[in-house]
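Student: model14.tsv is the file, holding TSV, C-alpha atoms:
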```tsv
chain	number	residue	atom	x	y	z
N	1	MET	CA	0.00	0.00	0.00
N	2	SER	CA	1.19	3.53	-0.79
N	3	LEU	CA	-1.14	4.98	1.85
N	4	ALA	CA	0.52	5.04	5.28
N	5	THR	CA	-0.76	2.50	7.82
N	6	ASP	CA	-2.06	5.17	10.20
N	7	ALA	CA	-4.06	6.70	7.36
N	8	GLN	CA	-5.43	3.26	6.40
N	9	ASP	CA	-6.51	2.84	10.02
N	10	LEU	CA	-8.08	6.31	10.19
N	11	LEU	CA	-10.18	5.72	7.09
N	12	PHE	CA	-11.03	2.02	7.33
N	13	ARG	CA	-9.55	-0.31	9.94
N	14	ALA	CA	-9.98	1.73	13.11
N	15	ALA	CA	-12.96	3.77	11.85
N	16	ARG	CA	-16.37	2.74	13.13
N	17	THR	CA	-19.98	3.72	12.59
N	18	ALA	CA	-20.84	5.92	15.59
N	19	ASN	CA	-24.17	5.51	17.36
N	20	THR	CA	-23.59	8.26	19.95
N	21	PHE	CA	-21.85	11.62	19.67
N	22	THR	CA	-20.48	14.38	21.87
N	23	ASP	CA	-22.28	17.74	21.67
N	24	GLU	CA	-19.34	19.42	19.91
N	25	PRO	CA	-20.84	21.22	16.91
N	26	VAL	CA	-20.00	20.32	13.32
N	27	THR	CA	-19.67	23.53	11.34
N	28	ASP	CA	-20.53	24.34	7.73
N	29	THR	CA	-16.82	25.05	7.28
N	30	GLN	CA	-15.98	21.47	8.26
N	31	VAL	CA	-18.56	19.97	5.90
N	32	HIS	CA	-17.43	22.21	3.04
N	33	ALA	CA	-13.81	21.13	3.64
N	34	ILE	CA	-14.86	17.47	3.47
N	35	TYR	CA	-16.74	18.01	0.22
N	36	ASP	CA	-13.91	20.13	-1.17
N	37	LEU	CA	-11.70	17.04	-0.84
N	38	ILE	CA	-14.04	14.27	-1.99
N	39	ARG	CA	-15.44	16.17	-4.97
N	40	PHE	CA	-12.39	15.02	-6.95
N	41	GLY	CA	-13.57	11.40	-6.85
N	42	PRO	CA	-14.69	10.16	-10.30
N	43	THR	CA	-18.33	9.95	-11.43
N	44	GLY	CA	-19.91	8.87	-14.71
N	45	ALA	CA	-19.77	11.72	-17.24
N	46	ASN	CA	-18.31	13.76	-14.36
N	47	ALA	CA	-21.93	14.37	-13.32
N	48	GLN	CA	-21.42	14.67	-9.52
N	49	PRO	CA	-25.15	14.16	-8.73
N	50	LEU	CA	-24.78	13.92	-4.91
N	51	ARG	CA	-26.52	16.67	-2.95
N	52	ILE	CA	-26.05	17.17	0.80
N	53	VAL	CA	-28.79	18.75	2.90
N	54	LEU	CA	-27.69	19.75	6.41
N	55	VAL	CA	-30.64	19.59	8.80
N	56	ARG	CA	-29.83	22.44	11.20
N	57	THR	CA	-33.07	23.99	12.44
N	58	PRO	CA	-34.98	22.31	15.29
N	59	GLU	CA	-38.11	22.49	13.14
N	60	ALA	CA	-36.46	20.62	10.24
N	61	ARG	CA	-34.97	18.01	12.57
N	62	ALA	CA	-38.38	17.42	14.15
N	63	ARG	CA	-39.86	16.95	10.68
N	64	LEU	CA	-37.11	14.53	9.70
N	65	LEU	CA	-37.74	12.50	12.85
N	66	THR	CA	-41.31	11.78	11.70
N	67	HIS	CA	-39.86	9.75	8.80
N	68	VAL	CA	-37.24	7.59	10.54
N	69	SER	CA	-37.22	4.18	12.18
N	70	ALA	CA	-37.58	3.73	15.95
N	71	THR	CA	-33.93	2.65	16.11
N	72	ASN	CA	-32.61	5.72	14.30
N	73	GLY	CA	-34.81	8.39	15.93
N	74	PRO	CA	-32.88	8.71	19.20
N	75	LYS	CA	-29.52	8.71	17.39
N	76	ILE	CA	-30.63	11.54	15.10
N	77	ALA	CA	-32.21	13.49	17.94
N	78	ALA	CA	-28.91	13.46	19.86
N	79	ALA	CA	-26.40	13.97	17.03
N	80	PRO	CA	-24.74	17.38	16.58
N	81	LEU	CA	-25.51	17.26	12.84
N	82	VAL	CA	-27.62	15.09	10.57
N	83	ALA	CA	-27.50	15.31	6.80
N	84	ILE	CA	-29.80	14.00	4.08
N	85	LEU	CA	-27.76	12.56	1.20
N	86	ALA	CA	-29.72	12.80	-2.03
N	87	ALA	CA	-29.37	12.31	-5.78
N	88	ASP	CA	-30.14	15.19	-8.14
N	89	THR	CA	-32.40	13.81	-10.89
N	90	ARG	CA	-31.72	16.92	-13.00
N	91	PHE	CA	-27.94	16.59	-12.91
N	92	HIS	CA	-27.90	16.58	-16.71
N	93	GLU	CA	-28.56	20.33	-16.71
N	94	THR	CA	-25.02	20.90	-15.41
N	95	LEU	CA	-23.28	18.69	-17.99
N	96	PRO	CA	-22.55	21.46	-20.50
N	97	ARG	CA	-20.36	22.93	-17.75
N	98	LEU	CA	-19.05	19.69	-16.16
N	99	PHE	CA	-18.43	17.68	-19.36
N	100	PRO	CA	-17.67	20.52	-21.79
N	101	HIS	CA	-15.71	18.52	-24.36
N	102	ASN	CA	-18.86	16.59	-25.31
N	103	PRO	CA	-21.73	18.99	-25.94
N	104	GLY	CA	-24.12	16.11	-26.54
N	105	ALA	CA	-23.66	14.56	-23.08
N	106	ARG	CA	-26.79	16.17	-21.69
N	107	ASP	CA	-28.88	14.35	-24.28
N	108	TRP	CA	-27.61	10.92	-23.16
N	109	TYR	CA	-29.89	11.38	-20.15
N	110	ALA	CA	-33.08	12.50	-21.85
N	111	ASP	CA	-35.01	9.48	-20.54
N	112	PRO	CA	-36.14	10.31	-16.97
N	113	ALA	CA	-36.03	6.70	-15.68
N	114	PHE	CA	-32.49	6.14	-17.00
N	115	ARG	CA	-31.47	9.54	-15.70
N	116	GLU	CA	-32.77	8.76	-12.21
N	117	SER	CA	-30.99	5.40	-12.15
N	118	GLN	CA	-27.72	7.07	-13.14
N	119	ALA	CA	-28.24	9.85	-10.60
N	120	ARG	CA	-28.75	7.26	-7.86
N	121	PHE	CA	-25.80	5.12	-8.94
N	122	ASN	CA	-23.27	7.91	-9.16
N	123	ALA	CA	-24.52	9.65	-6.02
N	124	SER	CA	-24.14	6.32	-4.19
N	125	ILE	CA	-20.52	6.05	-5.28
N	126	GLN	CA	-20.06	9.61	-4.00
N	127	ILE	CA	-21.63	8.57	-0.69
N	128	GLY	CA	-18.75	6.09	-0.42
N	129	TYR	CA	-16.27	8.93	-0.98
N	130	LEU	CA	-18.13	11.14	1.51
N	131	LEU	CA	-18.07	8.58	4.32
N	132	VAL	CA	-14.32	8.23	3.78
N	133	GLY	CA	-14.01	12.03	3.75
N	134	ILE	CA	-15.85	12.44	7.06
N	135	ARG	CA	-13.29	10.12	8.61
N	136	ALA	CA	-10.45	11.97	6.87
N	137	ALA	CA	-11.66	15.07	8.72
N	138	GLY	CA	-11.29	13.27	12.05
N	139	LEU	CA	-15.04	12.95	12.52
N	140	SER	CA	-17.26	9.88	12.80
N	141	ALA	CA	-20.18	9.07	10.55
N	142	GLY	CA	-23.40	7.30	11.47
N	143	PRO	CA	-25.04	6.32	8.16
N	144	MET	CA	-28.69	5.22	8.44
N	145	GLY	CA	-30.83	3.56	5.81
N	146	GLY	CA	-33.83	3.06	8.09
N	147	PHE	CA	-36.16	5.86	7.00
N	148	ASP	CA	-39.14	6.47	4.73
N	149	ALA	CA	-37.36	7.87	1.67
N	150	PRO	CA	-40.53	8.76	-0.29
N	151	GLY	CA	-41.85	10.50	2.84
N	152	VAL	CA	-38.64	12.51	3.24
N	153	ASP	CA	-38.69	13.41	-0.44
N	154	LYS	CA	-42.30	14.63	-0.33
N	155	ASP	CA	-41.62	16.64	2.82
N	156	PHE	CA	-38.19	18.10	2.04
N	157	PHE	CA	-38.06	18.05	-1.77
N	158	PRO	CA	-41.61	18.86	-2.89
N	159	ASP	CA	-40.51	19.86	-6.39
N	160	GLY	CA	-39.46	16.25	-6.99
N	161	ARG	CA	-35.92	17.04	-8.06
N	162	LEU	CA	-33.94	15.33	-5.29
N	163	ARG	CA	-34.25	11.70	-4.14
N	164	SER	CA	-33.03	10.92	-0.63
N	165	GLN	CA	-30.76	7.86	-0.41
N	166	LEU	CA	-29.21	7.86	3.06
N	167	LEU	CA	-29.18	9.83	6.31
N	168	VAL	CA	-25.89	10.35	8.11
N	169	ASN	CA	-25.14	11.65	11.59
N	170	ILE	CA	-21.80	13.46	11.80
N	171	GLY	CA	-19.78	14.33	14.88
N	172	ARG	CA	-17.25	13.15	17.41
N	173	PRO	CA	-18.01	9.78	18.99
N	174	GLY	CA	-19.64	9.90	22.42
N	175	PRO	CA	-19.84	7.35	25.25
N	176	ASN	CA	-20.30	3.75	24.14
N	177	ALA	CA	-20.37	4.97	20.54
N	178	TRP	CA	-20.03	1.54	18.99
N	179	GLN	CA	-20.68	-2.13	19.43
N	180	ALA	CA	-18.29	-4.97	18.64
N	181	ARG	CA	-17.03	-4.99	15.03
N	182	LEU	CA	-19.34	-7.07	12.86
N	183	PRO	CA	-17.86	-9.83	10.66
N	184	ARG	CA	-16.52	-9.02	7.22
N	185	LEU	CA	-16.43	-11.27	4.16
N	186	GLU	CA	-13.00	-12.56	3.25
N	187	PRO	CA	-11.39	-11.38	-0.01
N	188	THR	CA	-11.66	-14.94	-1.30
N	189	GLU	CA	-15.45	-14.81	-0.87
N	190	VAL	CA	-15.79	-11.55	-2.81
N	191	ILE	CA	-13.15	-11.78	-5.55
N	192	THR	CA	-13.32	-14.38	-8.31
N	193	THR	CA	-11.38	-14.78	-11.53
N	194	VAL	CA	-12.55	-15.68	-15.03
C	1	MET	CA	-8.40	17.42	8.29
C	2	SER	CA	-6.88	14.59	10.32
C	3	LEU	CA	-5.67	12.86	7.17
C	4	ALA	CA	-2.23	14.12	6.11
C	5	THR	CA	-2.15	16.35	3.02
C	6	ASP	CA	-0.04	13.90	1.02
C	7	ALA	CA	-2.61	11.17	1.73
C	8	GLN	CA	-5.45	13.50	0.71
C	9	ASP	CA	-3.60	14.13	-2.54
C	10	LEU	CA	-2.94	10.42	-3.13
C	11	LEU	CA	-6.61	9.52	-2.73
C	12	PHE	CA	-8.41	12.52	-4.19
C	13	ARG	CA	-6.65	15.70	-5.28
C	14	ALA	CA	-3.75	14.30	-7.32
C	15	ALA	CA	-5.49	11.03	-8.25
C	16	ARG	CA	-6.87	10.82	-11.76
C	17	THR	CA	-8.89	8.39	-13.84
C	18	ALA	CA	-6.31	6.61	-16.03
C	19	ASN	CA	-7.04	5.99	-19.69
C	20	THR	CA	-3.73	4.26	-20.48
C	21	PHE	CA	-1.59	1.89	-18.39
C	22	THR	CA	1.89	0.40	-18.35
C	23	ASP	CA	2.10	-3.37	-18.87
C	24	GLU	CA	3.13	-4.03	-15.26
C	25	PRO	CA	0.85	-6.82	-14.03
C	26	VAL	CA	-1.65	-6.35	-11.20
C	27	THR	CA	-1.60	-9.47	-9.06
C	28	ASP	CA	-4.36	-11.21	-7.14
C	29	THR	CA	-2.33	-10.42	-4.01
C	30	GLN	CA	-2.61	-6.69	-4.71
C	31	VAL	CA	-6.36	-6.86	-5.32
C	32	HIS	CA	-6.90	-8.94	-2.19
C	33	ALA	CA	-4.89	-6.38	-0.15
C	34	ILE	CA	-7.08	-3.58	-1.50
C	35	TYR	CA	-10.26	-5.44	-0.59
C	36	ASP	CA	-8.84	-6.44	2.78
C	37	LEU	CA	-8.61	-2.71	3.57
C	38	ILE	CA	-11.87	-1.41	2.13
C	39	ARG	CA	-14.04	-4.23	3.44
C	40	PHE	CA	-14.26	-2.33	6.73
C	41	GLY	CA	-16.30	0.45	5.14
C	42	PRO	CA	-19.92	0.45	6.36
C	43	THR	CA	-22.86	-1.04	4.43
C	44	GLY	CA	-26.55	-1.32	5.28
C	45	ALA	CA	-27.15	-4.30	7.59
C	46	ASN	CA	-23.42	-5.00	7.11
C	47	ALA	CA	-24.44	-6.80	3.92
C	48	GLN	CA	-21.29	-6.15	1.81
C	49	PRO	CA	-22.98	-7.05	-1.50
C	50	LEU	CA	-20.12	-5.98	-3.81
C	51	ARG	CA	-18.55	-8.78	-5.84
C	52	ILE	CA	-15.38	-8.34	-7.90
C	53	VAL	CA	-14.74	-10.46	-10.98
C	54	LEU	CA	-11.19	-10.25	-12.33
C	55	VAL	CA	-11.15	-10.85	-16.07
C	56	ARG	CA	-7.81	-12.62	-16.55
C	57	THR	CA	-8.09	-15.08	-19.42
C	58	PRO	CA	-7.77	-13.81	-23.00
C	59	GLU	CA	-11.00	-15.64	-23.81
C	60	ALA	CA	-12.93	-13.84	-21.06
C	61	ARG	CA	-11.47	-10.47	-22.00
C	62	ALA	CA	-12.47	-11.03	-25.63
C	63	ARG	CA	-16.00	-11.86	-24.51
C	64	LEU	CA	-16.15	-8.75	-22.31
C	65	LEU	CA	-15.04	-6.60	-25.24
C	66	THR	CA	-18.15	-7.62	-27.20
C	67	HIS	CA	-20.27	-5.75	-24.60
C	68	VAL	CA	-18.42	-2.44	-24.26
C	69	SER	CA	-18.61	0.93	-26.00
C	70	ALA	CA	-16.27	1.91	-28.82
C	71	THR	CA	-14.54	4.38	-26.48
C	72	ASN	CA	-13.88	1.82	-23.76
C	73	GLY	CA	-12.85	-1.14	-25.91
C	74	PRO	CA	-9.26	-0.05	-26.64
C	75	LYS	CA	-8.72	0.97	-23.00
C	76	ILE	CA	-9.84	-2.44	-21.76
C	77	ALA	CA	-7.87	-4.28	-24.42
C	78	ALA	CA	-4.65	-2.56	-23.30
C	79	ALA	CA	-5.10	-2.55	-19.50
C	80	PRO	CA	-3.11	-5.03	-17.36
C	81	LEU	CA	-6.30	-5.92	-15.47
C	82	VAL	CA	-10.01	-5.26	-15.90
C	83	ALA	CA	-12.59	-6.12	-13.26
C	84	ILE	CA	-16.37	-6.40	-13.38
C	85	LEU	CA	-17.90	-4.83	-10.27
C	86	ALA	CA	-21.24	-6.42	-9.51
C	87	ALA	CA	-23.96	-6.56	-6.86
C	88	ASP	CA	-24.94	-9.90	-5.32
C	89	THR	CA	-28.75	-10.08	-5.37
C	90	ARG	CA	-28.65	-12.97	-2.91
C	91	PHE	CA	-26.59	-11.14	-0.29
C	92	HIS	CA	-29.35	-11.82	2.26
C	93	GLU	CA	-28.21	-15.45	2.48
C	94	THR	CA	-25.05	-14.29	4.30
C	95	LEU	CA	-26.83	-12.08	6.86
C	96	PRO	CA	-27.13	-14.75	9.57
C	97	ARG	CA	-23.32	-14.63	9.63
C	98	LEU	CA	-22.74	-10.93	8.89
C	99	PHE	CA	-25.52	-9.47	11.08
C	100	PRO	CA	-25.72	-12.16	13.78
C	101	HIS	CA	-27.31	-10.05	16.52
C	102	ASN	CA	-30.54	-9.78	14.51
C	103	PRO	CA	-31.61	-13.23	13.29
C	104	GLY	CA	-34.56	-11.70	11.41
C	105	ALA	CA	-32.42	-9.49	9.17
C	106	ARG	CA	-32.51	-11.94	6.30
C	107	ASP	CA	-36.28	-11.63	6.13
C	108	TRP	CA	-36.15	-7.85	5.65
C	109	TYR	CA	-35.04	-8.62	2.11
C	110	ALA	CA	-37.61	-11.24	1.14
C	111	ASP	CA	-38.95	-9.08	-1.70
C	112	PRO	CA	-36.67	-9.60	-4.74
C	113	ALA	CA	-37.12	-6.09	-6.18
C	114	PHE	CA	-36.34	-4.41	-2.86
C	115	ARG	CA	-33.43	-6.78	-2.34
C	116	GLU	CA	-31.94	-5.96	-5.72
C	117	SER	CA	-32.28	-2.22	-5.12
C	118	GLN	CA	-30.50	-2.58	-1.78
C	119	ALA	CA	-27.83	-4.81	-3.32
C	120	ARG	CA	-27.17	-2.18	-5.98
C	121	PHE	CA	-27.18	0.72	-3.53
C	122	ASN	CA	-24.79	-0.80	-1.03
C	123	ALA	CA	-22.51	-2.27	-3.69
C	124	SER	CA	-22.31	1.21	-5.26
C	125	ILE	CA	-21.19	2.71	-1.96
C	126	GLN	CA	-18.57	-0.05	-1.80
C	127	ILE	CA	-17.47	0.87	-5.33
C	128	GLY	CA	-16.67	4.31	-3.89
C	129	TYR	CA	-14.54	2.65	-1.20
C	130	LEU	CA	-12.87	0.40	-3.77
C	131	LEU	CA	-11.84	3.24	-6.08
C	132	VAL	CA	-10.29	4.98	-3.06
C	133	GLY	CA	-8.60	1.69	-2.10
C	134	ILE	CA	-7.07	1.21	-5.55
C	135	ARG	CA	-5.46	4.61	-5.16
C	136	ALA	CA	-4.38	3.78	-1.59
C	137	ALA	CA	-2.46	0.86	-3.11
C	138	GLY	CA	-0.57	3.24	-5.39
C	139	LEU	CA	-2.45	2.11	-8.49
C	140	SER	CA	-4.71	4.01	-10.85
C	141	ALA	CA	-8.31	3.13	-11.64
C	142	GLY	CA	-10.15	3.59	-14.90
C	143	PRO	CA	-13.86	3.17	-14.09
C	144	MET	CA	-16.13	2.74	-17.13
C	145	GLY	CA	-19.91	2.86	-17.23
C	146	GLY	CA	-20.15	2.54	-21.01
C	147	PHE	CA	-21.08	-1.12	-21.46
C	148	ASP	CA	-24.14	-3.29	-22.00
C	149	ALA	CA	-24.81	-4.41	-18.43
C	150	PRO	CA	-27.65	-6.85	-19.25
C	151	GLY	CA	-25.41	-8.35	-21.95
C	152	VAL	CA	-22.51	-8.79	-19.52
C	153	ASP	CA	-24.85	-10.32	-16.95
C	154	LYS	CA	-26.28	-12.82	-19.42
C	155	ASP	CA	-22.82	-13.77	-20.64
C	156	PHE	CA	-20.86	-13.84	-17.36
C	157	PHE	CA	-23.58	-14.46	-14.75
C	158	PRO	CA	-26.05	-16.82	-16.43
C	159	ASP	CA	-27.56	-17.93	-13.11
C	160	GLY	CA	-28.89	-14.38	-12.64
C	161	ARG	CA	-27.36	-13.87	-9.22
C	162	LEU	CA	-24.95	-11.00	-9.94
C	163	ARG	CA	-25.75	-7.68	-11.61
C	164	SER	CA	-22.83	-5.83	-13.18
C	165	GLN	CA	-22.64	-2.15	-12.27
C	166	LEU	CA	-19.27	-0.85	-13.44
C	167	LEU	CA	-16.10	-1.99	-15.19
C	168	VAL	CA	-12.75	-0.79	-13.91
C	169	ASN	CA	-9.29	-0.98	-15.41
C	170	ILE	CA	-6.54	-1.22	-12.80
C	171	GLY	CA	-2.82	-0.60	-13.21
C	172	ARG	CA	-0.06	1.95	-13.26
C	173	PRO	CA	-0.69	4.97	-15.51
C	174	GLY	CA	0.94	4.85	-18.94
C	175	PRO	CA	1.85	7.58	-21.43
C	176	ASN	CA	-0.68	10.40	-21.71
C	177	ALA	CA	-2.85	8.61	-19.15
C	178	TRP	CA	-5.17	11.52	-18.52
C	179	GLN	CA	-6.68	14.62	-19.98
C	180	ALA	CA	-7.07	18.00	-18.26
C	181	ARG	CA	-9.00	17.84	-14.98
C	182	LEU	CA	-12.71	18.38	-15.60
C	183	PRO	CA	-14.60	21.02	-13.58
C	184	ARG	CA	-16.00	20.19	-10.18
C	185	LEU	CA	-19.08	21.64	-8.50
C	186	GLU	CA	-18.36	24.02	-5.65
C	187	PRO	CA	-19.33	22.98	-2.10
C	188	THR	CA	-21.86	25.83	-2.11
C	189	GLU	CA	-23.61	24.27	-5.12
C	190	VAL	CA	-23.90	20.85	-3.49
C	191	ILE	CA	-24.50	21.59	0.21
C	192	THR	CA	-27.65	23.34	1.42
C	193	THR	CA	-29.07	23.86	4.90
C	194	VAL	CA	-32.61	23.56	6.18
```
Take the structure in this file and express it as structure tokens.
Tutor:
Amino acid sequence: MSLATDAQDLLFRAARTANTFTDEPVTDTQVHAIYDLIRFGPTGANAQPLRIVLVRTPEARARLLTHVSATNGPKIAAAPLVAILAADTRFHETLPRLFPHNPGARDWYADPAFRESQARFNASIQIGYLLVGIRAAGLSAGPMGGFDAPGVDKDFFPDGRLRSQLLVNIGRPGPNAWQARLPRLEPTEVITTV
Amino acid sequence: MSLATDAQDLLFRAARTANTFTDEPVTDTQVHAIYDLIRFGPTGANAQPLRIVLVRTPEARARLLTHVSATNGPKIAAAPLVAILAADTRFHETLPRLFPHNPGARDWYADPAFRESQARFNASIQIGYLLVGIRAAGLSAGPMGGFDAPGVDKDFFPDGRLRSQLLVNIGRPGPNAWQARLPRLEPTEVITTV
């Protein structure tokens, strides 16, 4: 590995999904610095469809809590920051700027169903980069899939443009922040050769 | 940032999608080391649905080339290694081992359409980790979405279990490996607050 062992540990081996957090705030400056790093990760047609919605007001957090599972509600209520990670289904509008050497790129995504699937796929890859980036910043992430995504979309994105994919708590780990490490598949179970 | 600047550069800022490669081989040992690192990244219900198929035989590479775009064909033909990144639609079968504290987890995914969507979503997040991991190993990645995924699935995964999501060339960058960096969205365009 070219990446130093301590950096490998920071990003993957020692990093854990946090279930509790301290009350130290997470600032916009910190989140912008994380995105400023991970935005260089590759996406299809350089489309960068991930959108990050920081839920900061008590009113917005209370609304979000009406859409989440019983397990995730207390974690979100206590986290210093929770973000909605969403895919922009109209990402193609930015392609003349983001993929300038191919003026026809926007038209590859004329079909709305194909466009949404590509928005979701590339935004999901960017979620992988983002979770790594949160750890690179010295913070812990608490990603949560247990929520009513159509309900969140109707409530937070009434114009239908964004599709929520994941919620993530962000902060410094608090008391008893994690449970025992869950098992991982072995490389030999995941990697095959043809 | 807690991650050192040179590590940030290695993984994101200086890293580039490679379009040409040297002929230095990429070994199974290297790919296993990359996966051994990135397997600690979080996935929903710890499901780890990503599967990596290394296309090593000339016969398999020739078959793969029949399913790819005219732009990607020459890149794949010349790369030291190309991998098919796929989602395992039967990931739920491993949950009794991977998510042992909740014996009912397997049943959350009884519906095949929901299960496939979750397989694709979590495998895509893992693709983000994997592309970071390839760079952590000092190698360059050339991810390619331009291929006939149903055609690859029918040809390489006739039992219908795996769904291909992305192809990726892996190796050391060759001559003229990349073009000018494409524009990135600003943090202020991606991050909003409610």
Student: Using only C-alpha atoms, which protein or nucleic acid residues come within 7 Å of C:Ser140? Drop anything in the same chain fewer than 5 positions from it, and give the result as JSON, numbers by chain.
Tutor: {"C": [17, 18, 134, 135, 170, 171, 172, 173]}
Student: Point out the residue among C:Pro143, C:Ala4, C:Val82, C:Pro96 with the least atom-to-atom distance to N:Ile125, counting all atoms listed in the file.
Tutor: C:Pro143
Student: Using all atoms listed in the file, find which residues of chain C lie within 7 Å of chain N and jot them down as a ChimeraX atom specification.
Tutor: /C:1-3,7,12-13,32,35-41,44,51-57,60,98-99,121,124-129,136-138,145,182-184,187,190-194
Student: One number please: atom CA of C:Thr22 to atom CA of C:Asp155, in Å, one decimal.
Tutor: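 Computing it gives 28.6 Å between the two atoms.
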Student: With all atoms listed in the file as the atoms that count, which of C:Ala113, C:Leu162, C:Ala62, C:Leu81 lies nearest to C:Asp23?
Tutor: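 Ranked by minimum distance to C:Asp23, first place goes to C:Leu81.
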Student: In Å, with one decimal, what is the gap from atom CA of N:Asn72 to atom CA of N:Asp148?
Tutor: 11.6 Å
Student: Measuring between only C-alpha atoms, which one of N:Val26, N:Leu167, N:Ala70, N:Ala105 shows the shortest distance to N:Ala86?
Tutor: N:Leu167
Student: Grab the atom CA of N:Glu93 to atom CA of N:Val168 distance for me, in Å with one decimal place.
Tutor: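 Straight-line distance from atom CA of N:Glu93 to atom CA of N:Val168 works out to 26.9 Å.
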Student: Rank N:Ala180, N:Trp108, N:Arg115, N:Glu24 by their smallest atom-to-atom distance to N:Pro80, using all atoms listed in the file, and report the top residue only.
Tutor: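 Looking only at the distances to N:Pro80, the closest residue turns out to be N:Glu24.
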Student: What are the centre and edge lengths in Å, to one decimal, of the axis-aligned box around all listed atoms of stretch 33-52 of chain N with 4 Å added on each side, as JSON?
Tutor:
```
{"center_x": -19.1, "center_y": 15.0, "center_z": -6.8, "size_x": 22.8, "size_y": 20.3, "size_z": 28.9}
```
